$ cat run.cif   # mmCIF, C-alpha atoms
data_my_file
loop_
_atom_site.label_atom_id
_atom_site.label_comp_id
_atom_site.auth_asym_id
_atom_site.auth_seq_id
_atom_site.Cartn_x
_atom_site.Cartn_y
_atom_site.Cartn_z
CA MET A 1 -8.19 19.69 11.60
CA SER A 2 -10.10 22.56 13.13
CA PHE A 3 -13.78 22.73 12.26
CA ALA A 4 -13.81 26.48 12.84
CA ALA A 5 -12.81 27.22 9.26
CA ASN A 6 -15.89 25.37 8.02
CA ALA A 7 -18.47 26.38 10.64
CA HIS A 8 -21.06 28.82 9.36
CA GLU A 9 -24.12 29.69 11.36
CA PHE A 10 -27.27 31.28 9.99
CA TRP A 11 -29.08 33.74 12.24
CA ILE A 12 -31.48 36.64 12.40
CA SER A 13 -29.47 39.71 13.39
CA PRO A 14 -31.60 42.68 14.50
CA GLU A 15 -30.04 46.13 14.64
CA LYS A 16 -31.54 46.44 18.14
CA HIS A 17 -33.08 43.76 20.33
CA GLN A 18 -35.21 46.34 22.14
CA ILE A 19 -36.95 49.28 20.47
CA ALA A 20 -39.66 51.85 21.15
CA THR A 21 -43.17 51.31 19.80
CA SER A 22 -42.59 54.15 17.33
CA ASP A 23 -39.45 52.52 15.89
CA GLU A 24 -38.91 50.13 13.01
CA ILE A 25 -37.76 46.56 13.45
CA VAL A 26 -34.68 46.20 11.25
CA ALA A 27 -32.99 42.81 11.01
CA ALA A 28 -30.52 41.11 8.70
CA LEU A 29 -30.31 37.44 7.81
CA ARG A 30 -26.66 36.57 8.28
CA VAL A 31 -24.35 33.67 7.45
CA GLY A 32 -20.97 33.57 9.14
CA GLN A 33 -19.27 33.05 12.47
CA ASP A 34 -19.18 34.62 15.91
CA PHE A 35 -21.83 37.26 15.10
CA ALA A 36 -19.87 38.36 12.03
CA GLY A 37 -21.28 37.43 8.65
CA ASN A 38 -22.67 38.45 5.30
CA SER A 39 -26.13 40.01 5.16
CA GLN A 40 -28.49 38.04 2.90
CA ALA A 41 -31.06 39.73 0.66
CA TYR A 42 -34.80 39.17 0.89
CA LEU A 43 -35.22 36.40 -1.70
CA PRO A 44 -38.46 34.40 -1.33
CA GLN A 45 -37.14 31.55 -3.50
CA GLY A 46 -34.58 30.85 -0.77
CA PHE A 47 -36.95 30.31 2.15
CA LYS A 48 -39.94 28.20 3.19
CA ARG A 49 -41.31 30.85 5.51
CA PHE A 50 -40.48 34.27 6.94
CA ASP A 51 -42.96 35.31 9.62
CA TYR A 52 -43.34 37.26 12.82
CA ALA A 53 -45.40 36.35 15.87
CA PHE A 54 -47.07 39.06 17.93
CA GLY A 55 -50.11 39.20 20.18
CA GLY A 56 -51.10 35.59 19.60
CA MET A 57 -50.98 35.90 15.80
CA ILE A 58 -48.38 34.74 13.27
CA SER A 59 -48.14 36.88 10.13
CA PRO A 60 -45.85 36.84 7.08
CA VAL A 61 -43.05 39.37 6.83
CA ASP A 62 -43.91 41.72 3.98
CA GLY A 63 -40.49 42.19 2.42
CA ARG A 64 -39.35 43.58 -0.89
CA LEU A 65 -37.37 41.52 -3.37
CA GLY A 66 -33.65 42.13 -2.95
CA ASP A 67 -33.91 44.16 0.25
CA ARG A 68 -30.80 44.08 2.41
CA PRO A 69 -31.22 43.95 5.35
CA ALA A 70 -33.99 41.50 4.62
CA LEU A 71 -36.45 42.81 7.21
CA ARG A 72 -37.63 46.35 7.80
CA MET A 73 -41.09 46.83 9.30
CA ASP A 74 -42.95 49.12 11.64
CA ALA A 75 -43.27 47.75 15.16
CA PRO A 76 -46.69 46.02 15.28
CA GLY A 77 -47.39 47.24 18.82
CA ASP A 78 -46.21 47.01 22.41
CA GLY A 79 -44.83 43.64 23.47
CA LEU A 80 -42.58 40.78 22.42
CA VAL A 81 -42.14 40.15 18.69
CA VAL A 82 -40.76 36.79 17.55
CA LEU A 83 -39.16 36.69 14.12
CA ILE A 84 -39.29 33.28 12.41
CA HIS A 85 -37.38 32.13 9.33
CA ALA A 86 -36.95 28.73 7.64
CA THR A 87 -34.71 28.26 4.61
CA ASN A 88 -35.01 25.83 1.75
CA GLY A 89 -32.52 22.98 1.59
CA LEU A 90 -29.04 23.64 0.21
CA ILE A 91 -26.42 21.10 -0.85
CA LEU A 92 -22.96 20.80 0.67
CA THR A 93 -20.31 18.37 -0.55
CA TRP A 94 -17.64 17.34 1.94
CA ASP A 95 -14.59 16.85 -0.31
CA GLU A 96 -12.46 15.77 2.64
CA PHE A 97 -13.93 13.18 5.00
CA ALA A 98 -11.83 14.61 7.85
CA ARG A 99 -13.90 17.78 7.63
CA PHE A 100 -17.12 15.79 7.88
CA GLU A 101 -15.65 13.99 10.92
CA ALA A 102 -14.77 17.35 12.49
CA PHE A 103 -18.30 18.63 11.79
CA VAL A 104 -20.07 15.71 13.48
CA GLU A 105 -17.69 15.89 16.44
CA HIS A 106 -18.27 19.63 16.80
CA LYS A 107 -22.04 19.14 16.68
CA ASP A 108 -21.95 16.20 19.13
CA ALA A 109 -23.14 13.63 16.58
CA MET A 110 -20.28 11.13 16.64
CA TRP A 111 -22.77 8.29 16.19
CA ALA A 112 -22.99 9.35 12.54
CA LEU A 113 -19.49 8.07 11.77
CA GLU A 114 -20.39 4.49 12.72
CA ALA A 115 -23.70 4.88 10.90
CA HIS A 116 -21.88 6.14 7.81
CA LYS A 117 -19.71 3.03 7.82
CA ALA A 118 -22.60 0.70 8.61
CA ARG A 119 -24.59 2.09 5.66
CA GLY A 120 -21.66 1.29 3.37
CA LEU A 121 -21.26 4.90 2.28
CA SER A 122 -18.21 6.25 0.52
CA GLU A 123 -15.90 8.66 2.33
CA GLU A 124 -15.38 10.59 -0.90
CA GLY A 125 -17.61 13.48 -1.90
CA VAL A 126 -20.07 13.11 0.98
CA ARG A 127 -23.21 15.05 -0.03
CA GLU A 128 -25.42 16.65 2.60
CA VAL A 129 -28.56 18.76 2.35
CA TYR A 130 -29.01 21.34 5.10
CA SER A 131 -31.75 23.76 6.10
CA ARG A 132 -31.94 26.49 8.75
CA TYR A 133 -34.67 27.31 11.27
CA ALA A 134 -33.99 30.65 12.92
CA LYS A 135 -35.86 32.82 15.42
CA SER A 136 -35.14 36.12 17.13
CA LEU A 137 -36.76 37.85 20.09
CA ILE A 138 -37.44 41.59 19.76
CA GLY A 139 -38.72 43.60 22.70
CA VAL A 140 -41.00 46.50 21.73
CA GLY A 141 -41.95 49.08 24.34
CA SER A 142 -42.69 47.14 27.54
CA SER A 143 -41.40 43.96 25.78
CA ARG A 144 -44.01 41.89 27.62
CA GLY A 145 -44.97 38.54 26.15
CA SER A 146 -43.72 35.01 25.51
CA ASP A 147 -41.88 33.14 22.80
CA VAL A 148 -44.01 30.84 20.64
CA VAL A 149 -43.76 27.31 19.32
CA SER A 150 -43.72 28.17 15.64
CA GLY A 151 -44.21 24.68 14.23
CA MET A 152 -40.87 24.49 12.42
CA ILE A 153 -39.38 20.99 12.22
CA THR A 154 -36.77 21.99 14.79
CA GLU A 155 -36.58 25.11 16.93
CA ILE A 156 -35.37 26.60 20.18
CA VAL A 157 -38.12 28.06 22.35
CA ALA A 158 -37.33 30.56 25.12
CA LEU A 159 -39.28 29.62 28.25
CA GLU A 160 -38.55 33.01 29.79
CA ASN A 161 -38.60 36.53 28.42
CA PRO A 162 -35.05 37.94 28.55
CA TYR A 163 -36.35 41.53 28.52
CA THR A 164 -38.81 41.29 31.41
CA ASP A 165 -37.91 38.22 33.52
CA ASP A 166 -35.16 37.76 36.10
CA MET A 167 -32.07 36.57 34.24
CA SER A 168 -29.83 36.26 37.31
CA ASP A 169 -30.18 32.47 37.21
CA GLY A 170 -29.97 32.24 33.42
CA ILE A 171 -32.63 31.71 30.78
CA ASP A 172 -34.43 28.40 30.31
CA VAL A 173 -34.98 27.23 26.74
CA ARG A 174 -36.53 24.11 25.24
CA LEU A 175 -35.12 22.35 22.17
CA LEU A 176 -37.72 20.76 19.89
CA TYR A 177 -37.60 18.38 16.94
CA GLN A 178 -40.84 17.44 15.17
CA GLY A 179 -42.69 19.05 18.07
CA GLU A 180 -41.06 16.82 20.70
CA PRO A 181 -38.33 17.67 23.22
CA ARG A 182 -34.76 16.80 22.26
CA ARG A 183 -33.35 15.20 25.38
CA ASN A 184 -29.68 15.20 26.42
CA GLU A 185 -28.66 17.22 23.37
CA GLN A 186 -26.04 19.92 22.92
CA ILE A 187 -26.89 23.58 22.44
CA GLU A 188 -24.01 25.81 21.39
CA VAL A 189 -24.08 29.31 22.86
CA TYR A 190 -22.44 32.41 21.41
CA GLU A 191 -22.15 35.27 23.89
CA GLN A 192 -21.06 38.81 23.03
CA PRO A 193 -20.92 41.59 25.62
CA ASP A 194 -21.64 45.06 24.24
CA GLY A 195 -18.73 45.73 21.89
CA GLY A 196 -16.80 42.82 23.39
CA VAL A 197 -15.22 39.56 22.29
CA VAL A 198 -17.45 36.60 21.44
CA THR A 199 -17.30 33.63 23.80
CA VAL A 200 -18.58 30.19 22.82
CA PHE A 201 -19.72 27.46 25.20
CA THR A 202 -22.22 24.61 25.29
CA VAL A 203 -25.08 23.52 27.50
CA ARG A 204 -27.12 20.31 27.44
CA THR A 205 -30.83 19.70 27.59
CA ASN A 206 -32.35 17.60 30.35
CA GLY A 207 -35.00 14.89 30.18
CA ASP A 208 -37.62 17.49 29.28
CA GLY A 209 -35.53 18.97 26.48
CA VAL A 210 -34.83 22.03 28.63
CA ALA A 211 -31.46 23.71 29.15
CA THR A 212 -30.49 26.67 31.30
CA VAL A 213 -28.20 29.17 29.58
CA PRO A 214 -26.22 31.44 31.91
CA VAL A 215 -26.41 35.01 30.64
CA LYS A 216 -24.86 38.38 31.41
CA ALA A 217 -26.51 41.80 31.52
CA GLY A 218 -25.82 43.85 28.42
CA ALA A 219 -24.79 40.90 26.23
CA ARG A 220 -26.38 39.42 23.14
CA TYR A 221 -26.78 35.72 22.51
CA MET A 222 -27.06 33.22 19.70
CA LEU A 223 -28.09 29.62 20.44
CA ASP A 224 -27.55 26.87 17.90
CA ALA A 225 -28.46 23.17 17.80
CA VAL A 226 -28.23 20.70 14.91
CA VAL A 227 -30.22 17.59 14.05
CA LEU A 228 -28.26 15.21 11.82
CA ARG A 229 -30.32 12.45 10.26
CA GLU A 230 -30.49 10.04 7.35
CA PRO A 231 -32.35 11.68 4.46
CA SER A 232 -35.68 10.40 3.24
CA ALA A 233 -35.80 8.16 0.17
CA GLN A 234 -37.31 11.09 -1.71
CA LEU A 235 -34.38 13.37 -0.84
CA VAL A 236 -31.90 10.67 -1.77
CA SER A 237 -33.60 10.24 -5.14
CA GLN A 238 -34.10 13.91 -5.90
CA ARG A 239 -30.86 15.39 -4.58
CA SER A 240 -28.39 12.49 -4.36
CA VAL A 241 -27.50 13.14 -0.72
CA VAL A 242 -26.51 10.75 2.07
CA TRP A 243 -27.04 13.04 5.09
CA GLU A 244 -29.44 15.78 6.12
CA SER A 245 -28.86 18.44 8.77
CA LEU A 246 -31.46 20.73 10.35
CA TRP A 247 -30.13 23.78 12.19
CA ALA A 248 -32.12 25.53 14.93
CA ASN A 249 -31.03 29.02 15.96
CA LEU A 250 -32.30 31.63 18.42
CA THR A 251 -31.00 35.15 19.02
CA PHE A 252 -31.87 37.61 21.78
CA GLY A 253 -30.32 40.28 23.97
CA VAL A 254 -30.21 40.81 27.73
CA PRO A 255 -30.80 44.36 29.01
CA ALA A 256 -27.84 46.09 30.62
CA ASN A 257 -29.87 46.92 33.73
#

$ encode --input "run.cif" --output "structure tokens"
Amino acid sequence: MSFAANAHEFWISPEKHQIATSDEIVAALRVGQDFAGNSQAYLPQGFKRFDYAFGGMISPVDGRLGDRPALRMDAPGDGLVVLIHATNGLILTWDEFARFEAFVEHKDAMWALEAHKARGLSEEGVREVYSRYAKSLIGVGSSRGSDVVSGMITEIVALENPYTDDMSDGIDVRLLYQGEPRRNEQIEVYEQPDGGVVTVFTVRTNGDGVATVPVKAGARYMLDAVVLREPSAQLVSQRSVVWESLWANLTFGVPAN
């Protein structure tokens, strides 16, 4: 069974990855596949945080209830702006165990199948709680600056600036979980040339949690990595789940020239 029919990413989707200092930053929160998805409204009850980092400061996004797209703000100045968003946990029930198997295979977490059996869990109605941790890089004016470690439980941190640094040898990123590097882990990459077809491939992190993503001029990118773990006793008690997944996502563009 193909997992594609069940795979839904969550990402921050700016109208433009690079803007002038006089422009607005406009970005949607999307759920879907291959850069196509539904735009989510600004609903504070659905997220833990919605911030932007600029000039060494992290500030909350000042949205309006129900706004769609969820973010519309004046550019805070010249440089790199990092949008940061963390959702609350949502429940998913896997009615067919084959779909859960396809999910863990797709996300390179096959160990979970043996763990599921070892924990004596049922294969019927597998309940999972999932939360999303998304970032997006917006270049304003000169676009100078660096990505930040935001402090989310899992995140992808760009170690280079795609708008100002040499991208001919790819972009280095670090994958973090609880502030520590995730070593030898899969990062899924979605690549879309300007107006072109989306291509999906994977890279792996090294012993420092760093992966190099090959990129093309004029394309936009979405990076995705999932932590699958046993839920805490509190989550099990409160939400009757047997698995928890934490999704890290990063979007950015690469200038055409």

$ resolve_selection --input "run.cif" --expression "the PyMOL selection byres ((chain A and resi 53) around 6)" --output "list in words"
Tyr52, Phe54, Met57, Ile58, Val81 and Val82 of chain A

$ residues_around --input "run.cif" --residues "region 21-38 of chain A" --least-positions-apart "4" --cutoff "7 Å" --atoms "all atoms listed in the file" --output "PyMOL selection string"
chain A and resi 7-15+68-75+77-78+140-141+190+198

$ resolve_selection --input "run.cif" --expression "the PyMOL selection byres ((chain A and resi 225-228) around 10)" --output "ChimeraX atom specification"
/A:104,107-109,111-112,128,130-133,153-156,175-177,182,185-189,202,223-224,229-231,243-250

$ closest_residue --input "run.cif" --among "A:Gly195, A:Pro181, A:Met222, A:Ala98" --to "Asp208 (chain A)" --atoms "all atoms listed in the file"
A:Pro181

$ atom_distance --input "run.cif" --atom1 "CA of Asp194 (chain A)" --atom2 "CA of His106 (chain A)"
26.7 Å

$ closest_residue --input "run.cif" --among "A:Ser39, A:Ser168, A:Gln45, A:Asn257" --to "Thr212 (chain A)" --atoms "all atoms listed in the file"
A:Ser168

$ atom_distance --input "run.cif" --atom1 "CA of Phe50 (chain A)" --atom2 "CA of Val241 (chain A)"
26.0 Å

$ atom_distance --input "run.cif" --atom1 "CA of Tyr42 (chain A)" --atom2 "CA of Pro193 (chain A)"
28.5 Å

$ residues_around --input "run.cif" --residues "Asp165 (chain A)" --least-positions-apart "2" --cutoff "12 Å" --atoms "only C-alpha atoms" --output "list of chain:residue names"
A:Ser142, A:Ser143, A:Arg144, A:Gly145, A:Ser146, A:Ala158, A:Leu159, A:Glu160, A:Asn161, A:Pro162, A:Tyr163, A:Met167, A:Ser168, A:Asp169, A:Gly170, A:Ile171, A:Asp172, A:Val254, A:Pro255, A:Asn257

$ write_last_selection --input "run.cif" --atoms "C-alpha atoms" --output "CSV table (one decimal), in the coordinates of the input"
chain,number,residue,atom,x,y,z
A,142,SER,CA,-42.7,47.1,27.5
A,143,SER,CA,-41.4,44.0,25.8
A,144,ARG,CA,-44.0,41.9,27.6
A,145,GLY,CA,-45.0,38.5,26.2
A,146,SER,CA,-43.7,35.0,25.5
A,158,ALA,CA,-37.3,30.6,25.1
A,159,LEU,CA,-39.3,29.6,28.2
A,160,GLU,CA,-38.6,33.0,29.8
A,161,ASN,CA,-38.6,36.5,28.4
A,162,PRO,CA,-35.0,37.9,28.6
A,163,TYR,CA,-36.4,41.5,28.5
A,167,MET,CA,-32.1,36.6,34.2
A,168,SER,CA,-29.8,36.3,37.3
A,169,ASP,CA,-30.2,32.5,37.2
A,170,GLY,CA,-30.0,32.2,33.4
A,171,ILE,CA,-32.6,31.7,30.8
A,172,ASP,CA,-34.4,28.4,30.3
A,254,VAL,CA,-30.2,40.8,27.7
A,255,PRO,CA,-30.8,44.4,29.0
A,257,ASN,CA,-29.9,46.9,33.7

$ axis_aligned_box --input "run.cif" --around "region 43-62 of chain A" --padding-each-side "5 Å" --output "lines of an AutoDock Vina configuration file"
center_x = -42.8
center_y = 35.0
center_z = 8.3
size_x = 26.5
size_y = 23.5
size_z = 33.7

$ resolve_selection --input "run.cif" --expression "the PyMOL selection byres ((chain A and resi 18) around 6)" --output "ChimeraX atom specification"
/A:16-17,19,138-140

$ decode --input "run.cif" --residues "region 28-41 of chain A" --atoms "all heavy atoms" --output "PDB file, in the first residue's frame"
ATOM      1  N   ALA A  28       1.208  31.602   4.394  1.00  0.00           N
ATOM      2  CA  ALA A  28       0.131  30.701   4.794  1.00  0.00           C
ATOM      3  C   ALA A  28       0.701  29.549   5.608  1.00  0.00           C
ATOM      4  O   ALA A  28       1.874  29.178   5.459  1.00  0.00           O
ATOM      5  CB  ALA A  28      -0.588  30.164   3.558  1.00  0.00           C
ATOM      6  N   LEU A  29      -0.120  28.982   6.456  1.00  0.00           N
ATOM      7  CA  LEU A  29       0.163  27.708   7.108  1.00  0.00           C
ATOM      8  C   LEU A  29      -0.591  26.656   6.315  1.00  0.00           C
ATOM      9  O   LEU A  29      -1.819  26.721   6.204  1.00  0.00           O
ATOM     10  CB  LEU A  29      -0.319  27.721   8.567  1.00  0.00           C
ATOM     11  CG  LEU A  29       0.220  28.849   9.443  1.00  0.00           C
ATOM     12  CD1 LEU A  29      -0.447  28.790  10.816  1.00  0.00           C
ATOM     13  CD2 LEU A  29       1.736  28.760   9.579  1.00  0.00           C
ATOM     14  N   ARG A  30       0.134  25.714   5.750  1.00  0.00           N
ATOM     15  CA  ARG A  30      -0.514  24.763   4.842  1.00  0.00           C
ATOM     16  C   ARG A  30      -0.366  23.322   5.320  1.00  0.00           C
ATOM     17  O   ARG A  30       0.648  22.936   5.916  1.00  0.00           O
ATOM     18  CB  ARG A  30       0.059  24.882   3.429  1.00  0.00           C
ATOM     19  CG  ARG A  30      -0.254  26.212   2.763  1.00  0.00           C
ATOM     20  CD  ARG A  30      -0.016  26.181   1.266  1.00  0.00           C
ATOM     21  NE  ARG A  30      -0.293  27.466   0.648  1.00  0.00           N
ATOM     22  CZ  ARG A  30      -1.504  27.869   0.285  1.00  0.00           C
ATOM     23  NH1 ARG A  30      -2.544  27.082   0.456  1.00  0.00           N
ATOM     24  NH2 ARG A  30      -1.668  29.066  -0.260  1.00  0.00           N
ATOM     25  N   VAL A  31      -1.385  22.524   5.019  1.00  0.00           N
ATOM     26  CA  VAL A  31      -1.369  21.081   5.228  1.00  0.00           C
ATOM     27  C   VAL A  31      -1.683  20.435   3.893  1.00  0.00           C
ATOM     28  O   VAL A  31      -2.694  20.766   3.262  1.00  0.00           O
ATOM     29  CB  VAL A  31      -2.415  20.648   6.279  1.00  0.00           C
ATOM     30  CG1 VAL A  31      -2.432  19.124   6.405  1.00  0.00           C
ATOM     31  CG2 VAL A  31      -2.115  21.284   7.629  1.00  0.00           C
ATOM     32  N   GLY A  32      -0.809  19.528   3.451  1.00  0.00           N
ATOM     33  CA  GLY A  32      -1.048  18.872   2.173  1.00  0.00           C
ATOM     34  C   GLY A  32       0.171  18.102   1.718  1.00  0.00           C
ATOM     35  O   GLY A  32       0.918  17.563   2.531  1.00  0.00           O
ATOM     36  N   GLN A  33       0.372  18.081   0.417  1.00  0.00           N
ATOM     37  CA  GLN A  33       1.460  17.313  -0.174  1.00  0.00           C
ATOM     38  C   GLN A  33       2.113  18.106  -1.303  1.00  0.00           C
ATOM     39  O   GLN A  33       1.436  18.871  -2.007  1.00  0.00           O
ATOM     40  CB  GLN A  33       0.936  15.994  -0.774  1.00  0.00           C
ATOM     41  CG  GLN A  33       0.343  15.035   0.236  1.00  0.00           C
ATOM     42  CD  GLN A  33      -0.287  13.855  -0.480  1.00  0.00           C
ATOM     43  OE1 GLN A  33      -1.485  13.819  -0.736  1.00  0.00           O
ATOM     44  NE2 GLN A  33       0.539  12.880  -0.821  1.00  0.00           N
ATOM     45  N   ASP A  34       3.402  17.890  -1.465  1.00  0.00           N
ATOM     46  CA  ASP A  34       4.126  18.391  -2.635  1.00  0.00           C
ATOM     47  C   ASP A  34       3.869  19.876  -2.894  1.00  0.00           C
ATOM     48  O   ASP A  34       3.633  20.299  -4.027  1.00  0.00           O
ATOM     49  CB  ASP A  34       3.751  17.578  -3.872  1.00  0.00           C
ATOM     50  CG  ASP A  34       4.147  16.118  -3.738  1.00  0.00           C
ATOM     51  OD1 ASP A  34       5.015  15.811  -2.890  1.00  0.00           O
ATOM     52  OD2 ASP A  34       3.600  15.280  -4.474  1.00  0.00           O
ATOM     53  N   PHE A  35       3.904  20.675  -1.847  1.00  0.00           N
ATOM     54  CA  PHE A  35       3.697  22.129  -1.917  1.00  0.00           C
ATOM     55  C   PHE A  35       2.264  22.519  -2.281  1.00  0.00           C
ATOM     56  O   PHE A  35       1.986  23.695  -2.512  1.00  0.00           O
ATOM     57  CB  PHE A  35       4.665  22.784  -2.897  1.00  0.00           C
ATOM     58  CG  PHE A  35       6.058  22.959  -2.348  1.00  0.00           C
ATOM     59  CD1 PHE A  35       7.122  22.245  -2.870  1.00  0.00           C
ATOM     60  CD2 PHE A  35       6.307  23.838  -1.299  1.00  0.00           C
ATOM     61  CE1 PHE A  35       8.410  22.406  -2.376  1.00  0.00           C
ATOM     62  CE2 PHE A  35       7.583  23.993  -0.797  1.00  0.00           C
ATOM     63  CZ  PHE A  35       8.639  23.284  -1.329  1.00  0.00           C
ATOM     64  N   ALA A  36       1.356  21.568  -2.322  1.00  0.00           N
ATOM     65  CA  ALA A  36      -0.047  21.874  -2.562  1.00  0.00           C
ATOM     66  C   ALA A  36      -0.837  21.487  -1.322  1.00  0.00           C
ATOM     67  O   ALA A  36      -0.752  20.348  -0.855  1.00  0.00           O
ATOM     68  CB  ALA A  36      -0.581  21.126  -3.775  1.00  0.00           C
ATOM     69  N   GLY A  37      -1.591  22.442  -0.776  1.00  0.00           N
ATOM     70  CA  GLY A  37      -2.339  22.115   0.431  1.00  0.00           C
ATOM     71  C   GLY A  37      -3.277  23.229   0.844  1.00  0.00           C
ATOM     72  O   GLY A  37      -3.228  24.345   0.319  1.00  0.00           O
ATOM     73  N   ASN A  38      -4.121  22.918   1.800  1.00  0.00           N
ATOM     74  CA  ASN A  38      -5.101  23.870   2.289  1.00  0.00           C
ATOM     75  C   ASN A  38      -4.447  24.898   3.200  1.00  0.00           C
ATOM     76  O   ASN A  38      -3.616  24.571   4.044  1.00  0.00           O
ATOM     77  CB  ASN A  38      -6.205  23.135   3.060  1.00  0.00           C
ATOM     78  CG  ASN A  38      -7.010  22.199   2.178  1.00  0.00           C
ATOM     79  OD1 ASN A  38      -7.255  22.508   1.015  1.00  0.00           O
ATOM     80  ND2 ASN A  38      -7.405  21.065   2.719  1.00  0.00           N
ATOM     81  N   SER A  39      -4.853  26.152   3.045  1.00  0.00           N
ATOM     82  CA  SER A  39      -4.365  27.235   3.891  1.00  0.00           C
ATOM     83  C   SER A  39      -5.150  27.244   5.201  1.00  0.00           C
ATOM     84  O   SER A  39      -6.382  27.248   5.199  1.00  0.00           O
ATOM     85  CB  SER A  39      -4.526  28.574   3.168  1.00  0.00           C
ATOM     86  OG  SER A  39      -4.150  29.649   4.002  1.00  0.00           O
ATOM     87  N   GLN A  40      -4.426  27.227   6.332  1.00  0.00           N
ATOM     88  CA  GLN A  40      -5.050  27.202   7.647  1.00  0.00           C
ATOM     89  C   GLN A  40      -5.221  28.630   8.182  1.00  0.00           C
ATOM     90  O   GLN A  40      -4.368  29.487   7.975  1.00  0.00           O
ATOM     91  CB  GLN A  40      -4.201  26.385   8.622  1.00  0.00           C
ATOM     92  CG  GLN A  40      -3.817  25.014   8.102  1.00  0.00           C
ATOM     93  CD  GLN A  40      -5.013  24.114   7.886  1.00  0.00           C
ATOM     94  OE1 GLN A  40      -5.736  23.804   8.823  1.00  0.00           O
ATOM     95  NE2 GLN A  40      -5.231  23.708   6.646  1.00  0.00           N
ATOM     96  N   ALA A  41      -6.294  28.863   8.903  1.00  0.00           N
ATOM     97  CA  ALA A  41      -6.557  30.183   9.473  1.00  0.00           C
ATOM     98  C   ALA A  41      -5.690  30.415  10.709  1.00  0.00           C
ATOM     99  O   ALA A  41      -5.160  29.474  11.310  1.00  0.00           O
ATOM    100  CB  ALA A  41      -8.030  30.310   9.841  1.00  0.00           C
TER     101      ALA A  41
END
